[in-house]
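For reference, run-v2.csv (CSV, C-alpha atoms):
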```
chain,number,residue,atom,x,y,z
A,162,ARG,CA,57.6,-23.4,7.7
A,163,ILE,CA,54.5,-23.7,9.8
A,164,LEU,CA,52.4,-20.7,8.6
A,165,LEU,CA,52.6,-21.6,4.9
A,166,PRO,CA,51.1,-25.1,5.2
A,167,LEU,CA,48.4,-23.7,7.4
A,168,LEU,CA,47.6,-21.0,4.9
A,169,LEU,CA,47.4,-23.5,2.1
A,170,ALA,CA,45.2,-25.8,4.0
A,171,ALA,CA,42.8,-22.9,5.0
A,172,THR,CA,42.7,-21.7,1.4
A,173,SER,CA,41.8,-25.1,0.0
A,174,ALA,CA,39.2,-25.6,2.7
A,175,PHE,CA,37.4,-22.5,1.6
A,176,ALA,CA,37.9,-22.9,-2.1
A,177,PHE,CA,34.6,-23.6,-3.9
A,178,ASP,CA,33.9,-24.5,-7.4
A,179,VAL,CA,31.6,-21.6,-8.1
A,180,GLN,CA,29.0,-22.2,-10.8
A,181,LEU,CA,26.3,-19.9,-12.2
A,182,GLU,CA,22.8,-21.2,-12.9
A,183,TRP,CA,20.0,-19.1,-14.4
A,184,GLY,CA,17.0,-18.6,-12.2
A,185,HIS,CA,16.2,-20.2,-8.8
A,186,PRO,CA,15.9,-23.9,-9.2
A,187,LEU,CA,14.0,-25.7,-6.6
A,188,PRO,CA,12.6,-29.3,-6.3
A,189,GLU,CA,8.9,-29.5,-7.2
A,190,ASP,CA,8.0,-30.4,-3.6
A,191,ARG,CA,9.6,-27.2,-2.2
A,192,ASN,CA,8.4,-24.4,-4.5
A,193,ALA,CA,5.3,-23.4,-2.5
A,194,LYS,CA,4.6,-23.0,1.2
A,195,TRP,CA,1.9,-22.1,3.8
A,196,SER,CA,3.1,-21.3,7.3
A,197,LEU,CA,1.7,-20.1,10.6
A,198,SER,CA,3.6,-17.9,13.0
A,199,TYR,CA,3.4,-16.7,16.6
A,200,GLY,CA,5.7,-14.2,18.2
A,201,SER,CA,6.1,-10.8,19.8
A,202,LEU,CA,6.3,-7.1,18.9
A,203,LEU,CA,9.5,-6.8,21.0
A,204,ASP,CA,9.8,-3.0,20.9
A,205,ILE,CA,7.7,-0.2,19.6
A,206,SER,CA,8.4,3.5,19.9
A,207,GLY,CA,7.2,6.7,18.2
A,208,HIS,CA,6.9,10.4,18.6
A,209,VAL,CA,5.4,13.4,17.0
A,210,ASP,CA,7.1,16.8,17.4
A,211,GLU,CA,5.5,20.1,16.4
A,212,THR,CA,8.3,22.2,14.9
A,213,PHE,CA,7.2,25.5,13.4
A,214,ARG,CA,3.9,27.3,12.7
A,215,ALA,CA,4.1,29.6,9.7
A,216,TYR,CA,0.8,31.3,10.8
A,217,TYR,CA,2.5,32.7,13.9
A,218,LYS,CA,5.4,34.2,11.9
A,219,ALA,CA,3.1,35.6,9.1
A,220,SER,CA,0.8,37.2,11.7
A,221,GLY,CA,3.5,38.8,13.7
A,222,GLN,CA,3.2,36.3,16.7
A,223,ASN,CA,6.5,34.5,16.2
A,224,TRP,CA,7.0,34.4,20.0
A,225,LYS,CA,4.2,31.8,20.2
A,226,GLN,CA,6.4,29.2,18.5
A,227,SER,CA,7.2,28.1,22.1
A,228,LEU,CA,3.7,26.7,22.3
A,229,ALA,CA,4.8,23.7,20.1
A,230,GLU,CA,4.2,20.4,21.8
A,231,SER,CA,5.5,16.8,21.4
A,232,TYR,CA,3.8,13.5,21.8
A,233,SER,CA,5.2,10.0,22.1
A,234,LEU,CA,3.7,6.5,22.4
A,235,SER,CA,5.1,6.3,25.9
A,236,ASP,CA,2.9,9.2,26.9
A,237,PHE,CA,-0.1,6.9,26.0
A,238,GLY,CA,1.2,4.0,28.0
A,239,VAL,CA,2.3,1.9,25.0
A,240,ASP,CA,4.9,-0.5,26.3
A,241,ALA,CA,6.1,-3.6,24.4
A,242,PRO,CA,6.1,-6.6,24.2
A,243,TYR,CA,2.8,-7.4,22.6
A,244,SER,CA,2.0,-10.8,21.1
A,245,THR,CA,1.4,-11.3,17.4
A,246,MET,CA,0.1,-14.0,15.1
A,247,GLY,CA,0.7,-14.4,11.4
A,248,LEU,CA,0.1,-16.3,8.1
A,249,ARG,CA,2.4,-16.5,5.1
A,250,TYR,CA,2.1,-17.9,1.6
A,251,GLU,CA,5.1,-18.3,-0.8
A,252,LYS,CA,5.3,-19.5,-4.4
A,253,GLN,CA,8.5,-19.8,-6.3
A,254,TRP,CA,9.1,-20.1,-10.0
A,255,THR,CA,12.3,-20.2,-11.9
A,256,PHE,CA,12.8,-16.5,-12.2
A,257,TRP,CA,10.1,-15.1,-9.8
A,258,ASN,CA,9.1,-15.5,-6.2
A,259,PHE,CA,5.9,-14.3,-4.6
A,260,ARG,CA,5.4,-13.8,-0.9
A,261,TRP,CA,2.3,-12.7,1.0
A,262,ASP,CA,2.3,-11.9,4.7
A,263,LEU,CA,-0.5,-11.2,7.2
A,264,VAL,CA,0.3,-10.3,10.8
A,265,ARG,CA,-2.4,-9.5,13.4
A,266,LEU,CA,-1.5,-6.8,15.9
A,267,SER,CA,-3.3,-6.1,19.1
A,268,LEU,CA,-2.1,-3.3,21.4
A,269,ASP,CA,-3.7,-2.1,24.7
A,270,ALA,CA,-2.3,0.7,26.9
A,271,SER,CA,-3.5,3.0,29.7
A,272,ALA,CA,-1.9,6.0,31.4
A,273,ASN,CA,-2.5,9.2,33.3
A,274,ALA,CA,-2.3,12.3,31.1
A,275,LYS,CA,1.0,14.1,31.7
A,276,ARG,CA,-0.6,17.3,30.4
A,277,ASP,CA,-3.8,18.3,28.6
A,278,TYR,CA,-4.1,16.3,25.4
A,279,TYR,CA,-6.1,17.6,22.5
A,280,LEU,CA,-6.9,15.0,19.9
A,281,GLY,CA,-8.9,14.7,16.7
A,282,VAL,CA,-11.1,11.6,16.6
A,283,GLY,CA,-12.7,9.7,13.8
A,284,ASP,CA,-16.0,8.7,15.4
A,285,ASP,CA,-18.0,11.6,16.8
A,286,ILE,CA,-18.5,11.8,20.6
A,287,ARG,CA,-22.0,12.8,21.7
A,288,TYR,CA,-22.4,15.3,24.6
A,289,GLY,CA,-25.1,17.7,25.5
A,290,GLY,CA,-27.1,17.0,22.4
A,291,ARG,CA,-24.1,17.8,20.1
A,292,SER,CA,-21.5,15.7,18.3
A,293,TYR,CA,-17.8,16.5,18.7
A,294,ASP,CA,-14.9,15.3,16.6
A,295,HIS,CA,-12.2,16.6,18.9
A,296,LEU,CA,-11.4,15.2,22.4
A,297,LYS,CA,-9.6,16.8,25.4
A,298,ILE,CA,-8.0,14.5,27.9
A,299,PRO,CA,-7.3,16.7,31.0
A,300,LYS,CA,-4.0,16.5,32.8
A,301,GLY,CA,-3.9,13.8,35.5
A,302,SER,CA,-7.0,12.0,34.2
A,303,ARG,CA,-6.9,8.3,33.4
A,304,PHE,CA,-7.4,7.1,29.8
A,305,SER,CA,-6.8,4.0,27.7
A,306,LEU,CA,-5.8,3.3,24.1
A,307,ASP,CA,-6.6,0.0,22.2
A,308,PHE,CA,-5.7,-1.0,18.7
A,309,ASP,CA,-6.7,-4.1,16.7
A,310,GLY,CA,-5.5,-4.5,13.2
A,311,PHE,CA,-3.4,-6.2,10.6
A,312,LEU,CA,-0.1,-5.5,8.8
A,313,THR,CA,-0.1,-7.1,5.4
A,314,SER,CA,2.4,-7.1,2.6
A,315,GLY,CA,2.7,-8.7,-0.8
A,316,ALA,CA,5.9,-8.7,-2.9
A,317,PHE,CA,7.3,-10.2,-6.1
A,318,ALA,CA,11.0,-10.9,-6.3
A,319,LEU,CA,13.1,-11.3,-9.4
A,320,THR,CA,15.5,-14.1,-9.0
A,321,PRO,CA,17.7,-14.0,-12.2
A,322,PHE,CA,20.4,-16.4,-11.2
A,323,THR,CA,21.9,-18.7,-8.5
A,324,PHE,CA,25.5,-19.2,-7.4
A,325,TRP,CA,26.4,-22.7,-6.6
A,326,LEU,CA,29.4,-23.1,-4.2
A,327,GLY,CA,29.8,-26.8,-4.4
A,328,GLU,CA,27.0,-29.3,-4.6
A,329,GLU,CA,25.0,-28.4,-1.5
A,330,LEU,CA,25.5,-24.7,-1.0
A,331,SER,CA,23.7,-22.1,-3.1
A,332,PHE,CA,23.1,-18.3,-3.0
A,333,THR,CA,20.3,-16.6,-4.9
A,334,PRO,CA,20.1,-12.7,-5.0
A,335,GLU,CA,16.8,-11.0,-5.6
A,336,LEU,CA,15.2,-7.7,-6.5
A,337,ASP,CA,11.9,-7.0,-4.6
A,338,ALA,CA,8.9,-4.9,-5.4
A,339,GLY,CA,5.6,-4.9,-3.4
A,340,LEU,CA,3.0,-3.2,-1.3
A,341,VAL,CA,2.7,-2.7,2.5
A,342,LEU,CA,-0.7,-2.0,4.1
A,343,ILE,CA,-1.8,-1.5,7.7
A,344,LEU,CA,-5.5,-1.7,8.5
A,345,GLY,CA,-7.2,-1.5,11.9
A,346,LYS,CA,-9.4,0.1,14.4
A,347,TYR,CA,-8.3,2.0,17.5
A,348,LYS,CA,-10.3,3.2,20.5
A,349,VAL,CA,-9.5,6.1,22.8
A,350,ASP,CA,-11.4,6.0,26.1
A,351,ALA,CA,-11.1,9.0,28.5
A,352,GLY,CA,-14.1,8.1,30.7
A,353,LYS,CA,-17.5,9.8,30.7
A,354,ALA,CA,-17.9,13.0,28.7
A,355,ARG,CA,-18.1,15.8,31.3
A,356,GLY,CA,-17.8,19.2,29.6
A,357,THR,CA,-16.4,21.1,26.7
A,358,ALA,CA,-13.4,23.3,26.1
A,359,VAL,CA,-12.2,25.7,23.4
A,360,TYR,CA,-8.7,25.4,22.1
A,361,GLN,CA,-6.5,26.4,19.0
A,362,ASN,CA,-6.5,29.4,16.8
A,363,PRO,CA,-9.0,29.6,15.1
A,364,PRO,CA,-11.0,28.2,18.1
A,365,VAL,CA,-12.2,24.6,18.0
A,366,ASP,CA,-14.7,23.0,20.4
A,367,PHE,CA,-13.4,20.0,22.3
A,368,VAL,CA,-15.5,17.6,24.4
A,369,VAL,CA,-13.8,16.8,27.8
A,370,GLY,CA,-13.6,13.0,28.2
A,371,GLY,CA,-15.6,10.4,26.3
A,372,SER,CA,-14.7,7.6,24.0
A,373,SER,CA,-14.3,7.2,20.3
A,374,ASP,CA,-13.5,4.4,17.8
A,375,SER,CA,-11.6,5.2,14.6
A,376,PHE,CA,-10.6,3.2,11.6
A,377,ILE,CA,-7.2,3.8,10.1
A,378,GLY,CA,-5.7,2.5,6.9
A,379,ALA,CA,-2.5,3.3,5.1
A,380,GLY,CA,-0.3,1.8,2.4
A,381,ALA,CA,2.8,2.3,0.5
A,382,PRO,CA,4.7,0.6,-2.4
A,383,MET,CA,8.1,-0.8,-1.6
A,384,ILE,CA,11.3,-1.8,-3.4
A,385,GLY,CA,14.2,-3.7,-2.0
A,386,LEU,CA,17.0,-6.2,-2.3
A,387,GLY,CA,17.4,-9.6,-0.8
A,388,GLY,CA,19.2,-12.9,-0.9
A,389,GLU,CA,18.7,-16.5,0.1
A,390,LEU,CA,21.4,-19.0,1.2
A,391,ARG,CA,20.6,-22.7,1.1
A,392,LEU,CA,22.7,-25.4,2.6
A,393,GLY,CA,22.0,-29.1,2.2
A,394,ALA,CA,21.1,-31.7,-0.4
A,395,GLU,CA,17.9,-30.9,-2.4
A,396,ASP,CA,16.3,-34.2,-1.6
A,397,TRP,CA,17.1,-34.1,2.2
A,398,ILE,CA,17.4,-31.7,5.1
A,399,GLN,CA,18.1,-28.1,4.0
A,400,TRP,CA,19.0,-25.0,6.1
A,401,ILE,CA,17.7,-21.7,4.6
A,402,PHE,CA,18.9,-18.2,5.5
A,403,ARG,CA,17.4,-15.1,4.0
A,404,ALA,CA,17.8,-11.3,4.4
A,405,ASN,CA,15.6,-8.6,2.8
A,406,LEU,CA,15.9,-4.9,2.8
A,407,GLY,CA,12.9,-2.8,1.8
A,408,TYR,CA,12.6,1.0,1.1
A,409,PHE,CA,10.0,3.5,0.1
A,410,SER,CA,10.3,7.3,-0.2
A,411,TYR,CA,7.7,9.9,-1.0
A,412,SER,CA,7.8,13.7,-1.3
A,413,GLY,CA,4.7,15.6,-2.2
A,414,SER,CA,1.2,16.5,-1.0
A,415,THR,CA,-0.5,14.9,2.0
A,416,LYS,CA,-3.7,14.5,0.0
A,417,PRO,CA,-3.1,10.8,-0.7
A,418,PHE,CA,-2.9,10.2,3.1
A,419,THR,CA,-5.8,12.3,4.5
A,420,SER,CA,-9.4,13.1,3.8
A,421,SER,CA,-8.9,16.7,4.9
A,422,GLY,CA,-8.1,18.2,1.6
A,423,HIS,CA,-8.5,21.7,2.8
A,424,ARG,CA,-5.6,21.1,5.2
A,425,ALA,CA,-3.2,19.5,2.7
A,426,LYS,CA,0.5,20.1,3.3
A,427,ASP,CA,3.8,18.9,1.9
A,428,ILE,CA,5.2,15.7,3.3
A,429,ASP,CA,8.6,13.9,3.1
A,430,LEU,CA,8.0,10.3,4.0
A,431,ASP,CA,10.6,7.5,4.3
A,432,TYR,CA,9.9,3.8,5.1
A,433,PHE,CA,12.7,1.3,5.8
A,434,SER,CA,12.6,-2.4,6.8
A,435,LEU,CA,15.2,-5.0,7.4
A,436,THR,CA,14.2,-8.7,7.8
A,437,PHE,CA,16.3,-11.8,8.7
A,438,ASP,CA,15.0,-15.4,8.3
A,439,ALA,CA,16.5,-18.7,9.4
A,440,ALA,CA,14.7,-22.0,8.8
A,441,VAL,CA,15.2,-25.7,8.3
A,442,ASP,CA,13.3,-27.9,5.9
A,443,LEU,CA,12.6,-31.5,7.1
A,444,PRO,CA,11.3,-34.0,4.6
A,445,MET,CA,8.0,-35.7,5.7
A,446,THR,CA,6.8,-37.5,2.5
A,447,GLU,CA,8.0,-37.7,-1.0
A,448,THR,CA,6.2,-34.5,-1.9
A,449,THR,CA,6.1,-32.4,1.3
A,450,CYS,CA,8.5,-30.9,3.9
A,451,LEU,CA,8.0,-29.5,7.3
A,452,GLU,CA,9.6,-26.1,7.7
A,453,LEU,CA,10.5,-24.6,11.1
A,454,GLY,CA,12.0,-21.1,11.4
A,455,ALA,CA,12.3,-17.7,13.0
A,456,ARG,CA,12.0,-14.2,11.5
A,457,LEU,CA,13.4,-11.0,12.9
A,458,GLN,CA,12.2,-7.7,11.4
A,459,TYR,CA,13.0,-4.0,12.0
A,460,MET,CA,10.8,-1.2,10.6
A,461,ASP,CA,11.2,2.5,10.6
A,462,ILE,CA,8.9,5.2,9.3
A,463,ALA,CA,10.0,8.9,9.4
A,464,ALA,CA,7.9,11.8,8.1
A,465,GLU,CA,8.2,15.6,8.0
A,466,ILE,CA,5.0,17.6,7.3
A,467,LYS,CA,5.4,21.3,6.3
A,468,SER,CA,3.1,24.1,5.2
A,469,LYS,CA,2.3,24.2,1.5
A,470,GLU,CA,1.6,28.0,1.5
A,471,LYS,CA,4.5,30.3,1.0
A,472,ASP,CA,2.7,33.7,0.8
A,473,ASP,CA,2.0,35.4,4.1
A,474,ALA,CA,-1.5,36.4,3.2
A,475,ALA,CA,-2.4,32.8,2.1
A,476,ILE,CA,-0.8,31.5,5.3
A,477,VAL,CA,-2.9,33.8,7.5
A,478,ALA,CA,-6.1,33.0,5.5
A,479,ALA,CA,-5.5,29.3,5.9
A,480,ARG,CA,-4.6,29.6,9.6
A,481,GLU,CA,-1.8,27.1,8.9
A,482,ARG,CA,-1.1,24.8,11.9
A,483,PHE,CA,2.2,23.5,13.2
A,484,ASP,CA,4.6,21.7,10.9
A,485,LYS,CA,5.5,18.3,12.4
A,486,LYS,CA,8.2,15.7,12.5
A,487,ALA,CA,7.2,12.1,13.3
A,488,ASP,CA,9.2,8.9,13.7
A,489,PHE,CA,8.0,5.3,14.3
A,490,ASP,CA,10.2,2.2,15.0
A,491,ALA,CA,9.2,-1.4,15.7
A,492,VAL,CA,11.1,-4.7,16.2
A,493,SER,CA,9.3,-8.0,15.9
A,494,LEU,CA,10.3,-11.6,16.3
A,495,LEU,CA,8.2,-14.5,14.9
A,496,PHE,CA,8.6,-18.3,15.1
A,497,TYR,CA,6.8,-20.2,12.4
A,498,ALA,CA,6.0,-23.6,11.2
A,499,GLY,CA,4.9,-24.4,7.7
A,500,VAL,CA,4.5,-27.1,5.0
A,501,THR,CA,6.3,-26.9,1.7
A,502,PHE,CA,4.8,-28.7,-1.3
```
Let me see the file written as structure tokens.
Amino acid sequence: RILLPLLLAATSAFAFDVQLEWGHPLPEDRNAKWSLSYGSLLDISGHVDETFRAYYKASGQNWKQSLAESYSLSDFGVDAPYSTMGLRYEKQWTFWNFRWDLVRLSLDASANAKRDYYLGVGDDIRYGGRSYDHLKIPKGSRFSLDFDGFLTSGAFALTPFTFWLGEELSFTPELDAGLVLILGKYKVDAGKARGTAVYQNPPVDFVVGGSSDSFIGAGAPMIGLGGELRLGAEDWIQWIFRANLGYFSYSGSTKPFTSSGHRAKDIDLDYFSLTFDAAVDLPMTETTCLELGARLQYMDIAAEIKSKEKDDAAIVAARERFDKKADFDAVSLLFYAGVTF
């Protein structure tokens, strides 16, 4: 006698008159937006593990596989949080939505080398009248790492229809396609150059210490799914909740990702991102609204790099280096303010 009325009341409370409308209808004063953001890279981690060197097996030196090394961002003193700033533009049409993001990243770290580090550098280091493009950081020595750059992305979203659950609650699913780019400059500073060393097989000359600036740039296409939930009257305060999942996968040659064509290998690369947005639109004038919100994003990049050569003679001739596995994760939180118009 008690449960049945409660069940009927709960059912009626959550019963909506669901209607379908084509596209993503928005008032004309809310279909474009510029916003500025400030926040933090809450967590960042990454590591590279050398796994197997085909050259050692092909040349009868398989016991040297134990020489494989691993590197992590923590080895270089990278320790979040780091502050970030961003800019976003959005434009919505009935069946399409365009979003462009630009986020500035600035990282600085320093540490004592836990072991001898042997690094390839982009900008040559001068020592003793010669130029070196490889750097050795001796165990126990102090060094620093700095990075200044931008993470930018642009995406079009197909918004084929909107579900209306009553008069003030709507949900719009979307299909995303876009491009993600990271551009920047990093500097490794290991103090004054103070000697040379020979390492690797075949041997390579390394300068001990010194500093080098290098530019990096990488990009990848991305596809994904998303959805937007809006609560509130169109001509008054609205709450907006959005979730987007992005994914990219590549399997093939490393040539698109490196200028060292003679060292091309096979690579399996996966990119995954998950973003949550929560915002409120506050009317200011008849044609503009103030939007305040927060954005939480998780990104993961995983790669496995393997030897292209399969024939032992070709492997020995190429002196194939170690295959590698790499993984990079980052979590960021941004608070933003913008104007819709």
Using only C-alpha atoms: which of A:Leu268, A:Asn223, A:Ser198, A:Tyr217 has the shortest distance to Gly247 of chain A:
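Of the candidates, the smallest distance to Gly247 of chain A is held by A:Ser198.
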Point (17.0, -5.8, 7.4) neighbourhood (9 Å, all atoms listed in the file) written as a PyMOL selection string:
chain A and resi 404-407+433-437+457-460
Do a neighbour search on segment 257-261 of chain A at 6 Å with all atoms listed in the file, toss out local chain neighbours closer than 6 positions, and write the hits as a ChimeraX atom specification.
/A:249-251,314-320
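Nearest-residue note for Ser233 of chain A: choosing from A:Tyr278, A:Phe322, A:Phe304, A:Tyr347, the minimum distance belongs to A:Tyr278, counting only C-alpha atoms.
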Nearest to Val282 of chain A, chosen from A:Leu296, A:Ile398, A:Leu443, A:Ile343, with only C-alpha atoms counted in the distances
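Of A:Leu296, A:Ile398, A:Leu443, A:Ile343, the one nearest Val282 of chain A, counting only C-alpha atoms, is A:Leu296.
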If we count all atoms listed in the file, what is near Leu234 of chain A at a cut-off of 12 Å, once residues fewer than 5 positions away on the same chain are taken out, given as a list in words?
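The residues that qualify are Asp204, Ile205, Ser206, Gly207, His208, Val209, Asp210, Val239, Asp240, Ala241, Leu268, Asp269, Ala270, Ser271, Ala272, Leu306, Ala487, Asp488, Phe489, Asp490 and Ala491 of chain A.
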What lies within 12 Å of segment 287-291 of chain A using only C-alpha atoms, ignoring chain neighbours under 6 positions off, as an MDAnalysis selection string?
chainID A and resid 353:357 366:373
When you look at Ile476 of chain A with a cut-off of 10 Å (counting all atoms listed in the file), what residues show up, excluding the ones that are within fewer than 2 positions of it in the same chain? I need them as a list in words.
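Residues meeting the cut-off are Arg214, Ala215, Tyr216, Tyr217, Lys218, Ala219, Ser220, Ser468, Lys469, Glu470, Lys471, Asp472, Asp473, Ala474, Ala478, Ala479, Arg480, Glu481 and Arg482 of chain A.
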Between A:Ala229, A:Leu263, A:Leu451, A:Leu202, which has the minimum distance to Lys485 of chain A (counting only C-alpha atoms)?
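Using only C-alpha atoms, the shortest distance to Lys485 of chain A belongs to A:Ala229.
Restricting the calculation to all atoms listed in the file, the smallest distance between Gln361 of chain A and any of A:Ala475, A:Asp461, A:Lys297, A:Asn192 is found for A:Lys297.
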A:Gly499, A:Gly387, A:Gly413, A:Gly352: which is nearest Ala464 of chain A, counting all atoms listed in the file?
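With all atoms listed in the file as the atom set, the closest residue is A:Gly413.
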Between atom CA of Asp284 of chain A and atom CA of Thr212 of chain A, distance in Å (one decimal):
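Here the two named atoms are 27.8 Å from each other.
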